[in-house]
$ cat start-v3.cif   # mmCIF, C-alpha atoms
data_query
#
loop_
_atom_site.label_atom_id
_atom_site.label_comp_id
_atom_site.auth_asym_id
_atom_site.auth_seq_id
_atom_site.Cartn_x
_atom_site.Cartn_y
_atom_site.Cartn_z
CA MET J 1 47.48 -30.08 73.25
CA VAL J 2 46.74 -26.37 73.61
CA SER J 3 48.21 -24.17 76.31
CA GLY J 4 47.75 -20.58 77.35
CA THR J 5 47.56 -18.05 80.12
CA VAL J 6 44.45 -16.21 81.21
CA THR J 7 45.08 -12.49 81.62
CA ASP J 8 43.07 -9.72 83.28
CA ARG J 9 42.71 -8.01 79.91
CA ASP J 10 41.40 -11.16 78.21
CA ILE J 11 38.89 -11.66 81.04
CA ALA J 12 37.69 -8.06 80.83
CA ARG J 13 37.34 -8.18 77.04
CA PHE J 14 35.43 -11.45 77.11
CA ALA J 15 33.04 -10.16 79.76
CA VAL J 16 32.40 -6.92 77.88
CA ALA J 17 31.85 -8.79 74.61
CA CYS J 18 29.22 -10.94 76.35
CA GLY J 19 27.44 -7.79 77.52
CA ASP J 20 28.58 -8.09 81.13
CA GLN J 21 30.62 -5.71 83.22
CA ALA J 22 34.32 -6.48 83.38
CA PRO J 23 34.88 -8.39 86.63
CA ALA J 24 37.32 -7.19 89.24
CA GLY J 25 39.44 -9.07 91.75
CA SER J 26 38.53 -9.04 95.43
CA ALA J 27 41.44 -6.62 95.99
CA PRO J 28 43.50 -4.47 93.59
CA SER J 29 46.29 -7.04 93.40
CA ALA J 30 44.03 -10.11 93.65
CA PRO J 31 43.54 -12.32 90.60
CA THR J 32 40.31 -11.95 88.69
CA ARG J 33 37.96 -14.87 88.26
CA ALA J 34 37.33 -15.61 84.61
CA PRO J 35 33.77 -15.97 83.30
CA LEU J 36 32.82 -19.65 83.27
CA LEU J 37 32.42 -19.81 79.51
CA MET J 38 35.66 -18.08 78.63
CA LEU J 39 37.95 -21.11 78.36
CA PRO J 40 35.57 -23.20 76.25
CA SER J 41 34.67 -20.24 73.98
CA VAL J 42 38.10 -18.96 72.96
CA ILE J 43 39.22 -20.50 69.67
CA GLU J 44 42.89 -19.53 69.80
CA TRP J 45 45.04 -18.65 72.81
CA GLY J 46 48.04 -17.55 70.77
CA ALA J 47 48.23 -15.60 67.54
CA GLY J 48 46.75 -18.46 65.55
CA PRO J 49 47.73 -19.24 61.97
CA ALA J 50 48.93 -16.56 59.55
CA LEU J 51 46.13 -14.96 57.52
CA ARG J 52 47.28 -16.68 54.32
CA GLU J 53 46.86 -20.06 56.06
CA LEU J 54 43.21 -19.53 57.00
CA ARG J 55 40.54 -21.47 55.13
CA PRO J 56 38.31 -19.60 52.66
CA ASP J 57 35.66 -19.22 55.37
CA GLY J 58 38.21 -17.46 57.59
CA THR J 59 38.70 -20.24 60.11
CA GLY J 60 41.93 -21.75 61.31
CA VAL J 61 42.27 -25.29 62.54
CA GLY J 62 41.11 -24.53 66.10
CA ARG J 63 41.26 -27.07 68.93
CA GLU J 64 40.41 -29.92 66.53
CA GLY J 65 43.41 -29.25 64.29
CA TRP J 66 44.95 -32.61 65.21
CA LEU J 67 42.07 -34.42 63.44
CA PRO J 68 42.13 -35.09 59.67
CA LEU J 69 39.15 -32.88 58.81
CA GLU J 70 40.43 -31.00 55.76
CA GLY J 71 37.67 -30.28 53.27
CA LEU J 72 34.90 -30.44 55.87
CA ARG J 73 32.92 -27.40 56.99
CA LEU J 74 32.64 -27.62 60.75
CA MET J 75 29.98 -26.08 62.95
CA GLY J 76 29.73 -26.14 66.72
CA GLY J 77 26.65 -28.08 67.79
CA GLY J 78 26.91 -27.57 71.51
CA GLN J 79 28.89 -28.21 74.65
CA ASP J 80 28.49 -30.01 77.95
CA LEU J 81 30.70 -28.45 80.64
CA GLU J 82 31.72 -29.54 84.12
CA PHE J 83 33.35 -26.87 86.25
CA HIS J 84 35.90 -28.23 88.71
CA ALA J 85 37.81 -25.17 89.92
CA ASP J 86 37.92 -21.41 89.39
CA VAL J 87 39.96 -20.07 86.51
CA THR J 88 41.76 -16.91 87.56
CA SER J 89 44.01 -14.39 85.86
CA GLY J 90 47.68 -15.25 85.72
CA ARG J 91 46.94 -18.95 85.65
CA GLU J 92 48.51 -21.09 82.96
CA PHE J 93 46.55 -24.00 81.60
CA THR J 94 46.77 -26.85 79.18
CA ALA J 95 43.88 -28.34 77.24
CA VAL J 96 44.08 -31.98 76.21
CA PRO J 97 41.44 -33.11 73.69
CA THR J 98 40.41 -36.70 72.97
CA LEU J 99 38.04 -37.94 70.31
CA ASP J 100 35.16 -39.82 71.94
CA ALA J 101 33.03 -40.65 68.92
CA ALA J 102 32.66 -40.07 65.18
CA GLN J 103 29.36 -40.91 63.53
CA LEU J 104 28.33 -40.58 59.90
CA LYS J 105 24.65 -39.70 59.57
CA GLU J 106 22.22 -38.96 56.79
CA GLY J 107 20.82 -35.45 57.14
CA GLY J 108 18.21 -33.62 55.12
CA ALA J 109 20.92 -31.96 53.00
CA GLY J 110 23.28 -34.95 52.73
CA GLN J 111 25.71 -36.74 54.96
CA LEU J 112 26.83 -35.29 58.28
CA LEU J 113 29.80 -36.23 60.38
CA LEU J 114 29.06 -35.89 64.09
CA LEU J 115 32.13 -35.65 66.29
CA THR J 116 32.25 -35.73 70.07
CA ILE J 117 35.46 -34.39 71.57
CA THR J 118 36.27 -34.18 75.27
CA THR J 119 38.82 -31.58 76.32
CA VAL J 120 40.15 -31.42 79.86
CA PHE J 121 41.61 -28.07 80.92
CA ARG J 122 44.19 -28.32 83.73
CA ASP J 123 46.31 -25.74 85.48
CA GLU J 124 50.10 -25.83 85.79
CA ASP J 125 49.80 -28.02 88.91
CA GLY J 126 47.72 -30.62 87.10
CA THR J 127 44.47 -29.60 88.81
CA ASP J 128 41.41 -30.11 86.64
CA LEU J 129 39.69 -26.81 85.90
CA LEU J 130 37.08 -27.75 83.38
CA THR J 131 35.87 -30.71 81.33
CA CYS J 132 34.35 -29.70 78.02
CA ARG J 133 32.49 -32.10 75.74
CA ASP J 134 32.07 -30.52 72.31
CA THR J 135 29.72 -31.72 69.62
CA LEU J 136 30.93 -30.73 66.16
CA ILE J 137 29.01 -31.13 62.92
CA GLY J 138 31.01 -31.60 59.73
CA ARG J 139 29.46 -31.26 56.26
CA MET M 1 10.84 -21.41 98.46
CA ILE M 2 11.42 -22.82 95.00
CA ALA M 3 9.72 -25.88 93.57
CA VAL M 4 10.02 -28.11 90.56
CA GLY M 5 8.27 -26.49 87.62
CA ASP M 6 8.83 -22.93 88.83
CA ALA M 7 9.54 -20.49 86.02
CA ILE M 8 12.31 -17.95 86.58
CA PRO M 9 12.16 -14.34 85.28
CA GLU M 10 13.14 -14.11 81.63
CA LEU M 11 16.22 -12.41 80.26
CA VAL M 12 16.13 -10.52 76.95
CA ARG M 13 19.16 -9.81 74.78
CA THR M 14 19.29 -8.10 71.38
CA PRO M 15 22.78 -8.68 69.98
CA SER M 16 24.15 -6.06 67.58
CA SER M 17 26.72 -6.40 64.83
CA VAL M 18 29.12 -4.52 67.12
CA GLN M 19 28.64 -7.11 69.85
CA LEU M 20 29.28 -9.90 67.35
CA PHE M 21 32.49 -8.17 66.27
CA ALA M 22 33.61 -7.77 69.90
CA PHE M 23 32.80 -11.41 70.68
CA SER M 24 34.68 -12.68 67.63
CA ALA M 25 37.66 -10.54 68.64
CA ALA M 26 37.60 -11.63 72.29
CA THR M 27 37.45 -15.30 71.32
CA TRP M 28 39.76 -14.95 68.29
CA ASN M 29 37.06 -16.40 66.07
CA SER M 30 37.80 -15.40 62.48
CA HIS M 31 34.88 -17.26 60.84
CA ARG M 32 33.46 -14.95 58.17
CA ILE M 33 29.90 -16.03 58.93
CA HIS M 34 30.04 -13.68 61.95
CA TYR M 35 31.17 -10.45 60.21
CA ASP M 36 30.92 -10.81 56.42
CA ALA M 37 27.29 -10.32 55.36
CA GLU M 38 28.01 -11.20 51.72
CA PHE M 39 29.52 -14.51 52.84
CA ALA M 40 26.53 -15.16 55.11
CA HIS M 41 24.11 -14.47 52.23
CA ALA M 42 26.04 -16.89 50.01
CA GLU M 43 25.64 -19.50 52.74
CA GLY M 44 21.89 -18.97 52.69
CA TYR M 45 21.49 -16.78 55.78
CA PRO M 46 19.75 -13.38 55.93
CA ASP M 47 22.67 -11.73 57.76
CA ILE M 48 25.77 -12.49 59.79
CA LEU M 49 25.15 -15.05 62.54
CA VAL M 50 25.27 -14.79 66.31
CA GLN M 51 28.11 -17.02 67.53
CA SER M 52 27.03 -20.30 69.09
CA HIS M 53 29.11 -19.52 72.19
CA LEU M 54 27.39 -16.14 72.54
CA HIS M 55 24.03 -17.93 72.67
CA ALA M 56 25.56 -20.01 75.49
CA CYS M 57 26.61 -16.83 77.30
CA PHE M 58 23.06 -15.48 77.12
CA LEU M 59 21.73 -18.74 78.57
CA LEU M 60 24.19 -18.61 81.45
CA GLN M 61 23.53 -14.90 82.05
CA ALA M 62 19.89 -15.81 82.62
CA VAL M 63 20.95 -18.30 85.29
CA HIS M 64 23.20 -15.79 87.07
CA GLY M 65 20.63 -13.02 86.71
CA ALA M 66 17.92 -15.09 88.33
CA TRP M 67 19.90 -16.64 91.16
CA GLY M 68 22.36 -13.94 92.14
CA PRO M 69 26.02 -13.96 93.15
CA ASP M 70 25.78 -16.83 95.65
CA LEU M 71 25.12 -19.26 92.85
CA ARG M 72 27.67 -21.96 92.06
CA VAL M 73 27.34 -23.51 88.60
CA LYS M 74 28.54 -27.10 88.67
CA ARG M 75 27.51 -28.13 85.20
CA PHE M 76 26.17 -26.34 82.15
CA GLY M 77 25.31 -27.50 78.65
CA TRP M 78 23.84 -26.00 75.53
CA GLN M 79 22.85 -26.88 72.00
CA ASN M 80 22.28 -24.60 69.05
CA ARG M 81 18.97 -25.16 67.29
CA ALA M 82 18.46 -22.26 64.85
CA PRO M 83 20.51 -19.29 63.69
CA ALA M 84 20.05 -15.75 65.00
CA VAL M 85 21.16 -12.49 63.44
CA PRO M 86 21.87 -8.98 64.79
CA GLY M 87 18.68 -7.23 65.86
CA ASP M 88 16.90 -10.42 66.81
CA LYS M 89 15.23 -10.18 70.21
CA LEU M 90 16.38 -13.27 72.08
CA THR M 91 14.44 -14.21 75.19
CA VAL M 92 15.86 -16.75 77.60
CA SER M 93 13.43 -18.58 79.86
CA GLU M 94 14.34 -21.11 82.53
CA ARG M 95 12.47 -23.58 84.65
CA VAL M 96 13.33 -25.66 87.70
CA ALA M 97 13.42 -29.28 86.55
CA GLN M 98 14.65 -31.04 89.69
CA ILE M 99 15.77 -30.30 93.24
CA ASP M 100 18.08 -32.65 95.12
CA ARG M 101 19.00 -31.16 98.51
CA ASP M 102 21.14 -28.08 97.64
CA ARG M 103 21.42 -28.98 93.94
CA ILE M 104 18.97 -27.51 91.47
CA GLU M 105 18.60 -28.69 87.89
CA LEU M 106 17.47 -26.01 85.45
CA VAL M 107 16.34 -26.24 81.85
CA LEU M 108 16.73 -23.23 79.59
CA GLU M 109 15.42 -22.08 76.25
CA GLU M 110 16.35 -19.14 74.08
CA ARG M 111 13.72 -18.09 71.54
CA ASN M 112 13.65 -15.27 69.01
CA GLN M 113 10.87 -12.73 68.46
CA ARG M 114 9.00 -15.24 66.29
CA GLY M 115 9.05 -17.84 69.05
CA GLU M 116 11.58 -20.04 67.24
CA LEU M 117 13.93 -22.05 69.46
CA CYS M 118 17.49 -20.79 68.83
CA ALA M 119 19.29 -22.57 71.68
CA LYS M 120 18.47 -24.79 74.59
CA GLY M 121 20.45 -25.48 77.70
CA TRP M 122 20.60 -27.15 81.06
CA ALA M 123 22.45 -26.34 84.26
CA THR M 124 23.18 -27.86 87.63
CA VAL M 125 23.60 -25.17 90.26
CA VAL M 126 24.14 -24.97 93.98
CA VAL M 127 22.72 -21.96 95.77
CA ALA M 128 24.44 -21.10 99.05
#

$ encode --input "start-v3.cif" --output "structure tokens"
Amino acid sequence: MVSGTVTDRDIARFAVACGDQAPAGSAPSAPTRAPLLMLPSVIEWGAGPALRELRPDGTGVGREGWLPLEGLRLMGGGQDLEFHADVTSGREFTAVPTLDAAQLKEGGAGQLLLLTITTVFRDEDGTDLLTCRDTLIGR
Amino acid sequence: MIAVGDAIPELVRTPSSVQLFAFSAATWNSHRIHYDAEFAHAEGYPDILVQSHLHACFLLQAVHGAWGPDLRVKRFGWQNRAPAVPGDKLTVSERVAQIDRDRIELVLEERNQRGELCAKGWATVVVA
């Protein structure tokens, strides 16, 4: 399980990095609504692993760190997202992933492992915010 | 009045290496394929790669750009199909696939300057 808090600064930085304007709350003290793709795009919500613990390609274990995938090179293949409620600054969340499927396939350059992982993001009250179905490709 | 099959105005994005750096920082994505050109070359790519999630952002920006602030996105999906590198001109097109009362199903494509499909997507939106 992953947990974190969405901050105004994180929201602004994500929006700017996407090429958008940083969003503002409806009033100076009002929470800011996070871009829809922020939660499913961020790899780490804390500091992440120490630099010496990163893999040679620079990656950490990410949200799939609970799976025994050492030695595989993972690539994101896509996502299917259902938005249930707004994500706003100051809100804490948890993300609970489950493995839906693992398929070994023959690709043009050898075997591929296709993983489907569903992650449900919920706020501190247990309200569903987002359901994210990731497809990961392991080589 | 919109109808099934209608094409929506395109959106064009040309990501730079600076944008890729900012996106990796904002998402805490330390994969070298997005900032280390030598690593990308060794992996068989011409340059560092646009992040898959940034392709998704471009797709969704096209939806918001076409439908305005009253849009409510209920569902959105995307798949990466081909890599893109800084300087590529990425054009997102979208088309109305289905209308069910206030719900509109959209299909999206992002192609580079050579017409190659880099990402495809789909969205269910409600327009107030």

$ atom_distance --input "start-v3.cif" --atom1 "CA of Ala82 in chain M" --atom2 "CA of Thr124 in chain M"
23.9 Å

$ resolve_selection --input "start-v3.cif" --expression "the PyMOL selection byres ((chain J) within 6 of (chain M))" --output "mmCIF file with C-alpha atoms, in the frame of the given file"
data_model
loop_
_atom_site.group_PDB
_atom_site.id
_atom_site.type_symbol
_atom_site.label_atom_id
_atom_site.label_comp_id
_atom_site.auth_asym_id
_atom_site.auth_seq_id
_atom_site.Cartn_x
_atom_site.Cartn_y
_atom_site.Cartn_z
ATOM 1 C CA ARG J 13 37.340 -8.180 77.040
ATOM 2 C CA PHE J 14 35.430 -11.450 77.110
ATOM 3 C CA ALA J 17 31.850 -8.790 74.610
ATOM 4 C CA SER J 41 34.670 -20.240 73.980
ATOM 5 C CA VAL J 42 38.100 -18.960 72.960
ATOM 6 C CA ILE J 43 39.220 -20.500 69.670
ATOM 7 C CA GLU J 44 42.890 -19.530 69.800
ATOM 8 C CA ASP J 57 35.660 -19.220 55.370
ATOM 9 C CA GLY J 58 38.210 -17.460 57.590
ATOM 10 C CA THR J 59 38.700 -20.240 60.110
ATOM 11 C CA GLY J 77 26.650 -28.080 67.790
ATOM 12 C CA GLY J 78 26.910 -27.570 71.510
ATOM 13 C CA GLN J 79 28.890 -28.210 74.650
ATOM 14 C CA ASP J 80 28.490 -30.010 77.950
ATOM 15 C CA LEU J 81 30.700 -28.450 80.640
ATOM 16 C CA GLU J 82 31.720 -29.540 84.120
ATOM 17 C CA PHE J 83 33.350 -26.870 86.250
#

$ atom_distance --input "start-v3.cif" --atom1 "CA of Gly46 in chain J" --atom2 "CA of Ala12 in chain J"
17.3 Å

$ resolve_selection --input "start-v3.cif" --expression "the PyMOL selection byres ((chain J and resi 120-124) around 10)" --output "PyMOL selection string"
chain J and resi 1-5+39-40+81-85+87+91-98+117-119+125-133

$ atom_distance --input "start-v3.cif" --atom1 "CA of Pro83 in chain M" --atom2 "CA of Glu43 in chain M"
12.1 Å

$ resolve_selection --input "start-v3.cif" --expression "the PyMOL selection byres ((chain M and resi 102-112) around 6)" --output "list in words"
Lys89, Leu90, Thr91, Val92, Ser93, Glu94, Arg95, Val96, Ala97, Gln98, Ile99, Asp100, Arg101, Gln113, Arg114, Gly115, Glu116, Leu117, Cys118, Ala119, Lys120, Gly121, Trp122, Ala123, Thr124, Val125 and Val126 of chain M

$ write_last_selection --input "start-v3.cif" --atoms "C-alpha atoms" --output "PDB file, in the frame of the given file"
ATOM      1  CA  LYS M  89      15.230 -10.180  70.210  1.00  0.00           C
ATOM      2  CA  LEU M  90      16.380 -13.270  72.080  1.00  0.00           C
ATOM      3  CA  THR M  91      14.440 -14.210  75.190  1.00  0.00           C
ATOM      4  CA  VAL M  92      15.860 -16.750  77.600  1.00  0.00           C
ATOM      5  CA  SER M  93      13.430 -18.580  79.860  1.00  0.00           C
ATOM      6  CA  GLU M  94      14.340 -21.110  82.530  1.00  0.00           C
ATOM      7  CA  ARG M  95      12.470 -23.580  84.650  1.00  0.00           C
ATOM      8  CA  VAL M  96      13.330 -25.660  87.700  1.00  0.00           C
ATOM      9  CA  ALA M  97      13.420 -29.280  86.550  1.00  0.00           C
ATOM     10  CA  GLN M  98      14.650 -31.040  89.690  1.00  0.00           C
ATOM     11  CA  ILE M  99      15.770 -30.300  93.240  1.00  0.00           C
ATOM     12  CA  ASP M 100      18.080 -32.650  95.120  1.00  0.00           C
ATOM     13  CA  ARG M 101      19.000 -31.160  98.510  1.00  0.00           C
ATOM     14  CA  GLN M 113      10.870 -12.730  68.460  1.00  0.00           C
ATOM     15  CA  ARG M 114       9.000 -15.240  66.290  1.00  0.00           C
ATOM     16  CA  GLY M 115       9.050 -17.840  69.050  1.00  0.00           C
ATOM     17  CA  GLU M 116      11.580 -20.040  67.240  1.00  0.00           C
ATOM     18  CA  LEU M 117      13.930 -22.050  69.460  1.00  0.00           C
ATOM     19  CA  CYS M 118      17.490 -20.790  68.830  1.00  0.00           C
ATOM     20  CA  ALA M 119      19.290 -22.570  71.680  1.00  0.00           C
ATOM     21  CA  LYS M 120      18.470 -24.790  74.590  1.00  0.00           C
ATOM     22  CA  GLY M 121      20.450 -25.480  77.700  1.00  0.00           C
ATOM     23  CA  TRP M 122      20.600 -27.150  81.060  1.00  0.00           C
ATOM     24  CA  ALA M 123      22.450 -26.340  84.260  1.00  0.00           C
ATOM     25  CA  THR M 124      23.180 -27.860  87.630  1.00  0.00           C
ATOM     26  CA  VAL M 125      23.600 -25.170  90.260  1.00  0.00           C
ATOM     27  CA  VAL M 126      24.140 -24.970  93.980  1.00  0.00           C
TER      28      VAL M 126
END

$ closest_residue --input "start-v3.cif" --among "M:Glu10, M:Val4, M:Ala66, M:Pro86" --to "Pro46 in chain M" --atoms "only C-alpha atoms"
M:Pro86

$ axis_aligned_box --input "start-v3.cif" --around "range 43-60 of chain M" --padding-each-side "6 Å" --output "JSON"
{"center_x": 24.4, "center_y": -16.0, "center_z": 67.1, "size_x": 21.4, "size_y": 20.6, "size_z": 40.8}

$ decode --input "start-v3.cif" --residues "range 70-117 of chain M" --atoms "C-alpha atoms" --output "compact mmCIF listing (two decimals), in the first residue's frame"
# COMPACT_ATOMS: atom_id res chain seq x y z
CA ASP M 70 -17.81 22.46 -18.07
CA LEU M 71 -16.54 19.07 -19.08
CA ARG M 72 -16.56 16.21 -16.57
CA VAL M 73 -14.27 13.31 -17.42
CA LYS M 74 -15.69 10.08 -16.04
CA ARG M 75 -13.28 7.65 -17.61
CA PHE M 76 -10.06 7.94 -19.56
CA GLY M 77 -7.65 5.39 -20.97
CA TRP M 78 -4.52 5.40 -23.05
CA GLN M 79 -1.98 3.07 -24.60
CA ASN M 80 1.52 3.83 -25.80
CA ARG M 81 2.21 2.65 -29.33
CA ALA M 82 5.53 4.18 -30.42
CA PRO M 83 8.24 6.27 -28.77
CA ALA M 84 8.56 10.03 -29.19
CA VAL M 85 11.58 12.24 -28.54
CA PRO M 86 12.06 15.96 -27.80
CA GLY M 87 11.31 18.09 -30.83
CA ASP M 88 8.74 15.71 -32.25
CA LYS M 89 5.56 17.48 -33.30
CA LEU M 90 2.76 15.50 -31.67
CA THR M 91 -0.73 16.10 -32.98
CA VAL M 92 -3.72 14.84 -31.02
CA SER M 93 -6.95 14.28 -32.90
CA GLU M 94 -10.25 13.17 -31.41
CA ARG M 95 -13.54 11.95 -32.73
CA VAL M 96 -16.98 11.41 -31.24
CA ALA M 97 -17.55 7.65 -31.16
CA GLN M 98 -20.86 7.43 -29.30
CA ILE M 99 -23.45 9.63 -27.61
CA ASP M 100 -25.71 8.29 -24.88
CA ARG M 101 -27.87 11.09 -23.45
CA ASP M 102 -25.36 13.40 -21.68
CA ARG M 103 -22.45 10.95 -22.01
CA ILE M 104 -20.08 11.25 -24.93
CA GLU M 105 -17.53 8.61 -25.87
CA LEU M 106 -14.40 9.98 -27.54
CA VAL M 107 -11.55 8.21 -29.29
CA LEU M 108 -8.17 9.89 -29.46
CA GLU M 109 -4.96 9.48 -31.41
CA GLU M 110 -1.59 11.13 -31.03
CA ARG M 111 0.63 11.03 -34.12
CA ASN M 112 4.08 12.44 -34.79
CA GLN M 113 5.18 14.56 -37.76
CA ARG M 114 5.64 11.40 -39.85
CA GLY M 115 2.08 10.29 -39.16
CA GLU M 116 3.16 7.44 -36.88
CA LEU M 117 0.76 6.55 -34.07
